[in-house]
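*Asks:* Got a file for you: protein.tsv, TSV, C-alpha atoms.
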```tsv
chain	number	residue	atom	x	y	z
H	66	MET	CA	114.53	107.15	119.10
H	67	ASP	CA	114.64	105.32	115.77
H	68	PHE	CA	114.50	106.93	112.32
H	69	PHE	CA	110.74	106.55	111.86
H	70	GLY	CA	110.11	107.80	115.38
H	71	ILE	CA	112.03	110.97	114.57
H	72	ILE	CA	110.13	111.47	111.28
H	73	PHE	CA	106.70	110.85	112.80
H	74	GLY	CA	107.56	112.95	115.84
H	75	THR	CA	108.60	115.86	113.63
H	76	ILE	CA	105.37	115.69	111.63
H	77	GLY	CA	103.44	115.36	114.88
H	78	SER	CA	105.10	118.52	116.16
H	79	ILE	CA	104.06	120.41	113.02
H	80	PHE	CA	100.49	119.16	113.31
H	81	GLY	CA	100.57	120.10	116.98
H	82	TYR	CA	100.67	123.75	116.00
H	83	VAL	CA	97.39	123.28	114.09
H	84	LEU	CA	95.82	121.58	117.11
H	85	TRP	CA	97.05	124.38	119.34
H	86	PHE	CA	95.61	126.98	116.96
H	87	PHE	CA	92.10	125.53	117.20
H	88	TYR	CA	92.46	124.90	120.93
H	89	SER	CA	93.51	128.53	121.54
H	90	ILE	CA	90.33	129.70	119.78
H	91	PHE	CA	87.72	127.31	121.19
H	92	LYS	CA	89.43	126.18	124.42
H	93	SER	CA	88.10	122.69	123.69
H	94	TYR	CA	90.32	119.80	122.74
H	95	GLY	CA	87.35	117.89	121.30
H	96	ILE	CA	86.48	120.71	118.88
H	97	ALA	CA	90.18	121.11	118.07
H	98	ILE	CA	90.40	117.44	117.03
H	99	ILE	CA	87.27	117.70	114.86
H	100	LEU	CA	88.44	120.82	113.02
H	101	PHE	CA	91.98	119.50	112.75
H	102	THR	CA	90.79	116.25	111.14
H	103	ILE	CA	88.69	118.19	108.62
H	104	VAL	CA	91.66	120.39	107.71
H	105	VAL	CA	93.90	117.34	107.16
H	106	LYS	CA	91.32	115.77	104.83
H	107	ILE	CA	90.97	119.00	102.86
H	108	VAL	CA	94.75	119.22	102.44
H	109	LEU	CA	94.91	115.59	101.25
H	110	PHE	CA	91.86	115.88	98.96
H	111	PRO	CA	93.85	116.82	95.80
H	112	LEU	CA	96.00	113.74	96.37
H	113	SER	CA	92.85	111.60	96.60
H	114	ILE	CA	91.50	113.07	93.35
H	115	ARG	CA	94.78	112.36	91.60
H	116	GLN	CA	94.76	108.80	92.88
H	117	GLN	CA	91.16	108.33	91.68
H	118	LYS	CA	92.06	109.60	88.20
H	119	SER	CA	95.04	107.25	88.07
H	120	MET	CA	92.79	104.34	89.04
H	121	ALA	CA	90.29	105.27	86.30
H	122	LYS	CA	92.99	105.35	83.63
H	123	SER	CA	94.45	102.05	84.80
H	124	ALA	CA	90.98	100.44	84.75
H	125	ARG	CA	90.28	101.66	81.21
H	126	LEU	CA	93.63	100.48	79.84
H	127	SER	CA	93.32	97.17	81.69
H	128	LYS	CA	90.01	96.54	79.94
H	129	LYS	CA	91.52	97.27	76.52
H	130	GLN	CA	94.56	95.17	77.33
H	131	GLN	CA	92.32	92.24	78.25
H	132	GLU	CA	90.49	92.60	74.94
H	133	LEU	CA	93.80	92.43	73.06
H	134	ARG	CA	94.86	89.36	75.03
H	135	GLN	CA	91.65	87.59	74.03
H	136	LYS	CA	91.90	88.70	70.40
H	137	TYR	CA	95.51	87.57	69.95
H	138	ALA	CA	95.50	84.66	72.38
H	139	ASN	CA	97.14	82.40	69.78
H	140	ASP	CA	99.75	84.94	68.66
H	141	THR	CA	101.87	86.12	71.59
H	142	LYS	CA	104.17	88.26	69.45
H	143	LYS	CA	101.29	90.12	67.83
H	144	MET	CA	99.58	90.52	71.19
H	145	ASN	CA	102.67	92.14	72.76
H	146	GLU	CA	103.03	94.45	69.76
H	147	GLU	CA	99.43	95.60	70.02
H	148	ILE	CA	99.69	96.12	73.79
H	149	GLN	CA	102.83	98.20	73.28
H	150	LYS	CA	101.02	100.24	70.63
H	151	LEU	CA	98.19	100.79	73.13
H	152	TYR	CA	100.66	102.06	75.75
H	153	ASP	CA	102.40	104.33	73.21
H	154	LYS	CA	99.08	105.69	72.04
H	155	GLU	CA	97.54	106.40	75.43
H	156	GLY	CA	100.54	107.04	77.64
H	157	GLY	CA	100.75	103.70	79.43
H	158	MET	CA	99.30	102.70	82.78
H	159	GLN	CA	100.64	105.47	84.96
H	160	SER	CA	100.37	104.99	88.69
H	161	MET	CA	101.14	107.12	91.70
H	162	GLY	CA	103.59	104.56	93.06
H	163	CYS	CA	104.28	104.39	96.75
H	164	SER	CA	103.29	108.01	97.36
H	165	SER	CA	99.57	107.14	97.33
H	166	MET	CA	100.11	104.99	100.43
H	167	PHE	CA	103.19	106.52	102.05
H	168	ILE	CA	101.96	110.12	102.29
H	169	PRO	CA	98.65	109.26	104.04
H	170	LEU	CA	100.62	106.98	106.40
H	171	LEU	CA	102.93	109.86	107.30
H	172	ILE	CA	99.91	112.06	107.92
H	173	LEU	CA	98.19	109.42	110.06
H	174	MET	CA	101.23	108.75	112.23
H	175	GLY	CA	101.96	112.47	112.54
H	176	VAL	CA	98.42	113.07	113.81
H	177	TYR	CA	98.76	110.14	116.20
H	178	TYR	CA	101.94	111.59	117.69
H	179	ALA	CA	100.32	115.03	117.98
H	180	VAL	CA	97.37	113.57	119.92
H	181	ALA	CA	99.31	111.05	122.03
H	182	SER	CA	102.12	113.45	123.01
H	183	PRO	CA	100.37	116.76	123.76
H	184	LEU	CA	103.09	118.26	125.98
H	185	THR	CA	105.87	118.19	123.39
H	186	ASN	CA	103.84	118.28	120.17
H	187	THR	CA	100.90	120.58	121.03
H	188	LEU	CA	102.08	122.68	123.97
H	189	HIS	CA	105.63	122.42	122.54
H	190	MET	CA	107.28	122.20	125.93
H	191	ASN	CA	110.97	121.44	126.29
H	192	LYS	CA	111.50	117.74	125.49
H	193	GLU	CA	114.23	117.32	128.11
H	194	VAL	CA	111.96	118.70	130.82
H	195	VAL	CA	109.09	116.39	129.81
H	196	THR	CA	111.40	113.36	129.54
H	197	ASN	CA	112.89	114.10	132.95
H	198	ALA	CA	109.41	114.34	134.50
H	199	LEU	CA	108.39	111.03	132.94
H	200	ASN	CA	111.56	109.34	134.18
H	201	HIS	CA	110.85	110.47	137.75
H	202	LEU	CA	107.19	109.54	137.60
H	203	THR	CA	107.87	106.02	136.31
H	204	VAL	CA	109.72	105.06	139.50
H	205	MET	CA	107.17	106.51	141.92
H	206	PRO	CA	105.40	103.76	143.93
H	207	GLY	CA	101.77	103.19	143.05
H	208	ILE	CA	101.58	105.30	139.91
H	209	GLY	CA	104.79	104.49	138.03
H	210	ASN	CA	103.22	101.95	135.66
H	211	GLN	CA	100.92	104.62	134.20
H	212	PHE	CA	103.88	106.49	132.72
H	213	THR	CA	105.74	103.61	131.11
H	214	THR	CA	103.46	103.59	128.04
H	215	VAL	CA	103.46	105.89	125.01
H	216	TYR	CA	100.59	107.78	126.65
H	217	GLY	CA	102.67	108.99	129.58
H	218	GLN	CA	102.22	112.63	128.53
H	219	LEU	CA	98.45	112.22	128.56
H	220	GLU	CA	98.77	110.78	132.06
H	221	ILE	CA	100.63	113.92	133.16
H	222	VAL	CA	97.82	116.06	131.73
H	223	SER	CA	95.37	113.85	133.62
H	224	ILE	CA	97.23	114.54	136.89
H	225	ALA	CA	96.85	118.28	136.27
H	226	ARG	CA	93.07	117.88	136.58
H	227	MET	CA	93.29	116.57	140.13
H	228	PRO	CA	92.62	118.98	143.04
H	229	ASP	CA	96.31	119.14	144.02
H	230	GLY	CA	97.64	118.12	140.62
H	231	GLY	CA	99.19	121.50	139.92
H	232	LEU	CA	101.14	121.43	143.19
H	233	PHE	CA	102.31	117.91	142.46
H	234	LEU	CA	103.63	118.90	139.01
H	235	ASN	CA	105.53	121.87	140.44
H	236	ASP	CA	108.25	119.39	141.41
H	237	PHE	CA	108.88	118.63	137.72
H	238	PHE	CA	107.82	121.71	135.73
H	239	SER	CA	108.12	125.48	136.00
H	240	SER	CA	105.13	127.45	137.28
H	241	ALA	CA	104.43	128.75	133.76
H	242	ASP	CA	104.43	125.20	132.34
H	243	VAL	CA	102.15	123.98	135.14
H	244	THR	CA	99.69	126.81	134.45
H	245	ASN	CA	99.59	125.86	130.74
H	246	ILE	CA	99.17	122.15	131.52
H	247	VAL	CA	96.32	122.77	134.00
H	248	ALA	CA	94.45	125.04	131.54
H	249	TYR	CA	95.04	122.55	128.75
H	250	ALA	CA	93.79	119.64	130.88
H	251	LYS	CA	90.42	121.33	131.39
H	252	SER	CA	89.82	121.39	127.62
H	253	PHE	CA	89.61	117.58	127.50
H	254	ASP	CA	86.02	117.57	128.78
H	255	PHE	CA	83.90	117.20	125.67
H	256	LEU	CA	80.15	116.49	125.58
H	257	GLY	CA	80.34	114.96	129.04
H	258	LEU	CA	83.23	112.67	128.07
H	259	ASP	CA	86.69	112.75	129.63
H	260	LEU	CA	88.97	112.44	126.60
H	261	LEU	CA	91.92	111.74	128.90
H	262	GLY	CA	90.36	108.59	130.31
H	263	LYS	CA	90.56	105.10	128.85
H	264	PRO	CA	87.42	102.99	128.27
H	265	SER	CA	89.33	100.00	129.64
H	266	ASP	CA	89.48	101.66	133.09
H	267	GLY	CA	85.92	100.51	133.81
H	268	LEU	CA	82.31	100.73	132.72
H	269	SER	CA	81.57	104.34	131.84
H	270	ALA	CA	80.30	106.63	129.11
H	271	LEU	CA	83.72	106.29	127.47
H	272	TRP	CA	82.61	102.91	126.13
H	273	LEU	CA	80.80	104.95	123.47
H	274	ILE	CA	84.20	105.65	121.88
H	275	PRO	CA	85.11	102.04	120.91
H	276	ILE	CA	81.46	101.32	120.01
H	277	LEU	CA	81.41	104.30	117.65
H	278	CYS	CA	84.78	103.21	116.24
H	279	LEU	CA	83.29	99.82	115.41
H	280	VAL	CA	80.01	101.14	113.98
H	281	THR	CA	81.48	103.96	111.89
H	282	SER	CA	84.28	101.82	110.45
H	283	LEU	CA	81.98	98.92	109.54
H	284	ALA	CA	79.23	101.16	108.13
H	285	ALA	CA	81.71	103.17	106.07
H	286	GLN	CA	83.16	100.01	104.52
H	287	LEU	CA	79.79	98.45	103.73
H	288	ILE	CA	78.28	101.60	102.21
H	289	THR	CA	81.43	102.33	100.20
H	290	MET	CA	81.48	98.81	98.77
H	291	LYS	CA	77.78	99.02	97.94
H	292	ILE	CA	78.29	102.29	96.07
H	293	GLN	CA	81.28	100.88	94.18
H	294	GLY	CA	79.39	97.67	93.40
H	295	THR	CA	81.92	95.40	95.10
H	296	LEU	CA	79.85	94.34	98.12
H	297	LYS	CA	78.40	91.23	96.43
H	298	GLN	CA	81.90	90.09	95.50
H	299	GLN	CA	82.90	89.66	99.15
H	300	GLN	CA	82.87	85.97	100.05
H	301	GLY	CA	84.53	83.62	102.51
H	302	CYS	CA	87.72	84.99	104.01
H	303	MET	CA	87.08	88.39	102.44
H	304	ILE	CA	84.11	88.85	104.77
H	305	GLY	CA	86.40	88.03	107.69
H	306	MET	CA	88.86	90.70	106.56
H	307	LEU	CA	85.96	93.11	106.18
H	308	LEU	CA	85.12	92.62	109.86
H	309	PHE	CA	88.72	92.52	111.09
H	310	THR	CA	89.52	96.22	110.62
H	311	PRO	CA	86.45	97.57	112.49
H	312	LEU	CA	86.94	95.06	115.32
H	313	PHE	CA	90.63	95.87	115.59
H	314	SER	CA	89.98	99.63	115.66
H	315	ALA	CA	87.37	99.11	118.38
H	316	TYR	CA	89.83	97.04	120.42
H	317	ILE	CA	92.54	99.70	120.16
H	318	ALA	CA	90.07	102.49	120.99
H	319	PHE	CA	89.07	100.53	124.09
H	320	SER	CA	92.69	100.40	125.29
H	321	VAL	CA	93.93	103.93	124.56
H	322	PRO	CA	92.91	107.38	125.88
H	323	ALA	CA	89.59	108.51	124.48
H	324	ALA	CA	91.24	111.47	122.72
H	325	VAL	CA	93.01	109.05	120.35
H	326	GLY	CA	89.83	107.03	119.79
H	327	MET	CA	87.90	110.19	119.03
H	328	TYR	CA	90.42	111.15	116.36
H	329	TRP	CA	89.97	107.73	114.72
H	330	ILE	CA	86.20	108.19	114.70
H	331	MET	CA	86.48	111.62	113.09
H	332	SER	CA	89.04	110.33	110.60
H	333	THR	CA	86.69	107.51	109.58
H	334	LEU	CA	83.74	109.88	109.15
H	335	THR	CA	85.67	112.46	107.15
H	336	SER	CA	87.21	109.72	104.97
H	337	PHE	CA	83.72	108.37	104.29
H	338	ILE	CA	82.44	111.83	103.29
H	339	GLN	CA	85.46	112.21	101.04
H	340	THR	CA	84.68	108.86	99.42
H	341	LEU	CA	81.09	109.95	98.72
H	342	ILE	CA	82.34	113.14	97.05
H	343	LEU	CA	84.83	111.21	94.94
H	344	GLN	CA	82.16	108.72	93.89
H	345	ASN	CA	79.78	111.51	92.83
H	346	PHE	CA	82.29	113.56	90.86
H	347	TYR	CA	85.30	111.32	90.27
H	348	SER	CA	83.94	107.77	90.14
H	349	LEU	CA	85.76	105.24	87.98
H	350	ASN	CA	82.93	105.10	85.45
H	351	HIS	CA	82.68	108.89	85.28
H	352	MET	CA	86.43	109.39	84.93
H	353	THR	CA	86.73	106.58	82.38
H	354	ALA	CA	83.98	108.11	80.21
H	355	LYS	CA	85.54	111.59	80.54
H	356	GLN	CA	89.02	110.38	79.65
H	357	GLU	CA	87.68	108.41	76.67
H	358	ALA	CA	85.80	111.48	75.43
H	359	GLN	CA	88.96	113.58	75.76
H	360	ARG	CA	90.97	111.00	73.85
H	361	VAL	CA	88.43	110.85	71.02
H	362	GLU	CA	88.32	114.65	70.81
H	363	LEU	CA	92.12	114.81	70.68
H	364	LEU	CA	92.21	112.30	67.84
H	365	ARG	CA	89.54	114.29	65.98
H	366	ILE	CA	91.59	117.49	66.32
H	367	GLN	CA	94.72	115.74	65.14
H	368	GLU	CA	92.94	114.33	62.09
H	369	LYS	CA	91.48	117.75	61.33
H	370	ASN	CA	94.94	119.33	61.25
H	371	VAL	CA	96.36	116.75	58.80
H	372	PRO	CA	96.47	118.07	55.16
H	373	TYR	CA	93.85	116.33	53.06
H	374	SER	CA	93.78	116.54	49.23
H	375	TYR	CA	90.50	114.81	48.56
H	376	ASN	CA	88.02	117.02	46.65
H	377	PRO	CA	84.74	115.26	45.96
H	378	LYS	CA	83.53	117.99	43.56
H	379	LYS	CA	86.67	117.77	41.44
H	380	ARG	CA	86.51	113.99	41.49
H	381	ASN	CA	82.93	113.98	40.28
H	382	ILE	CA	83.74	116.32	37.39
H	383	THR	CA	86.73	114.23	36.34
H	384	GLU	CA	84.73	111.03	36.45
H	385	LEU	CA	81.91	112.68	34.50
H	386	ASN	CA	84.33	113.77	31.78
H	387	LYS	CA	85.77	110.29	31.58
H	388	THR	CA	82.28	108.89	31.33
H	389	ASN	CA	81.25	111.36	28.59
H	390	ASN	CA	84.44	110.73	26.66
H	391	GLY	CA	83.85	107.04	26.91
H	392	LYS	CA	80.30	107.41	25.59
H	393	SER	CA	81.53	109.56	22.69
H	394	VAL	CA	84.17	106.98	21.71
H	395	ASN	CA	81.63	104.18	21.88
H	396	LYS	CA	79.16	106.19	19.77
H	397	GLN	CA	81.78	106.83	17.06
H	398	GLU	CA	82.73	103.15	16.94
H	399	ASN	CA	79.07	102.15	16.60
H	400	ASN	CA	78.59	104.61	13.69
H	401	LYS	CA	81.61	103.14	11.86
H	402	LYS	CA	80.26	99.60	12.26
H	403	ASN	CA	76.85	100.64	10.89
H	404	LYS	CA	78.43	102.25	7.77
H	405	LYS	CA	80.39	99.07	7.00
H	406	LYS	CA	77.26	96.97	7.18
H	407	LYS	CA	75.52	99.23	4.71
```
Mind converting the file's structure to structure tokens?

*Replies:*
Amino acid sequence: MDFFGIIFGTIGSIFGYVLWFFYSIFKSYGIAIILFTIVVKIVLFPLSIRQQKSMAKSARLSKKQQELRQKYANDTKKMNEEIQKLYDKEGGMQSMGCSSMFIPLLILMGVYYAVASPLTNTLHMNKEVVTNALNHLTVMPGIGNQFTTVYGQLEIVSIARMPDGGLFLNDFFSSADVTNIVAYAKSFDFLGLDLLGKPSDGLSALWLIPILCLVTSLAAQLITMKIQGTLKQQQGCMIGMLLFTPLFSAYIAFSVPAAVGMYWIMSTLTSFIQTLILQNFYSLNHMTAKQEAQRVELLRIQEKNVPYSYNPKKRNITELNKTNNGKSVNKQENNKKNKKKK
């Protein structure tokens, strides 16, 4: 197994404990996936808020930077000086770096491994035993091809649902492991759907999974762009890219076990709800206005703490005395001139 496979597999094993926790309570793999997806989004929510705040600050500084570029378009040196002053004054354009993309990717792949490899990552069975069973099953005539894919463990769980599936698996697993696999396999029936089956196996109710993947992904993108005001900006190839992701997710959901497709549907829905919350409380306009207000208040406090010697009352008295003295001098000079004339 390569480096990334080990990392994702380890995270998948950790997430598997969460899936097992919900499964042990509700005895339903469908409910376990729903609750698990919600928990993951809640855990990642602070990261999303931080990313939104970083985007707001970058947007505000970008706007001011653009204004400086226009103002000093003919003086590059002055423009760079003013931009540097802007960064020094407001802390620069901080970003979250690669963590904003890498951490969610780790989470996504960890969840994928937890769902696609239930024996080792959810039931936490011995890896050598599971690998040995898969190696034997891959060479069995008639069914070997089913176990050569990454969903071989799901295929084993599917066998456990057959009338004599438990007896068949006794050749590869201990009686205790077989009992756990058989009980676990029964939990994959959810709302009349067999989450172990693949929509590509034939026309069935499982076709709802890729259809929902397509609809939820496309609707979430369109509504999000409309809320953010970027929908009208999509033209030409951008519209094609907008359609590519939902179509691709629907294609994958059509080819993989329904349990994986169901996770993608729930992930899309929870991500959309998270986006709505962020737009209501942490939108770019809201965060920009809040950060600007905080900056102005900080400057006001700093100015208030600076010693200030100006005293308007004292100044008025001094000026009045100067004025009166000036009038007195002028009056004396006028009296002298009048006496000389006489």

*Asks:* Quick one, how far is atom CA of H:Lys251 from atom CA of H:Tyr177?

*Replies:*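 Taking atom CA of H:Lys251 and atom CA of H:Tyr177, their separation equals 20.6 Å.
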
*Asks:* Could you check which of H:Gly257, H:Pro183, H:Gly231, H:Gly81 is closest to H:Phe101, using all atoms listed in the file?

*Replies:* H:Gly81

*Asks:* Which distance in Å separates atom CA of H:Phe346 and atom CA of H:Leu100, to one decimal?

*Replies:*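 Between atom CA of H:Phe346 and atom CA of H:Leu100 the gap is 24.1 Å.
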
*Asks:* Here is a test: counting only C-alpha atoms, which residue of H:Val321, H:Leu287, H:Leu133, H:Val108 is nearest to H:Glu220?

*Replies:*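 Comparing H:Val321, H:Leu287, H:Leu133, H:Val108 against H:Glu220, the winner is H:Val321.
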
*Asks:* Taking all atoms listed in the file into account, name the residue in H:Leu308, H:Leu202, H:Leu219, H:Ala225 that is nearest to H:Asn186.

*Replies:* H:Leu219

*Asks:* Using all atoms listed in the file, determine which residues lie at most 9 Å from H:Tyr216, disregarding the query and same-chain residues fewer than 5 positions distant; provide the list as a PyMOL selection string.

*Replies:* chain H and resi 181-182+211+221+321-322

*Asks:* Nearest to H:Phe319: which of H:Phe253, H:Tyr94, H:Phe337, H:Trp272 is it, counting only C-alpha atoms?

*Replies:* H:Trp272

*Asks:* Do you have the atom CA of H:Lys118-atom CA of H:Gln344 distance handy?

*Replies:*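 Result for atom CA of H:Lys118 versus atom CA of H:Gln344: 11.5 Å, one decimal.
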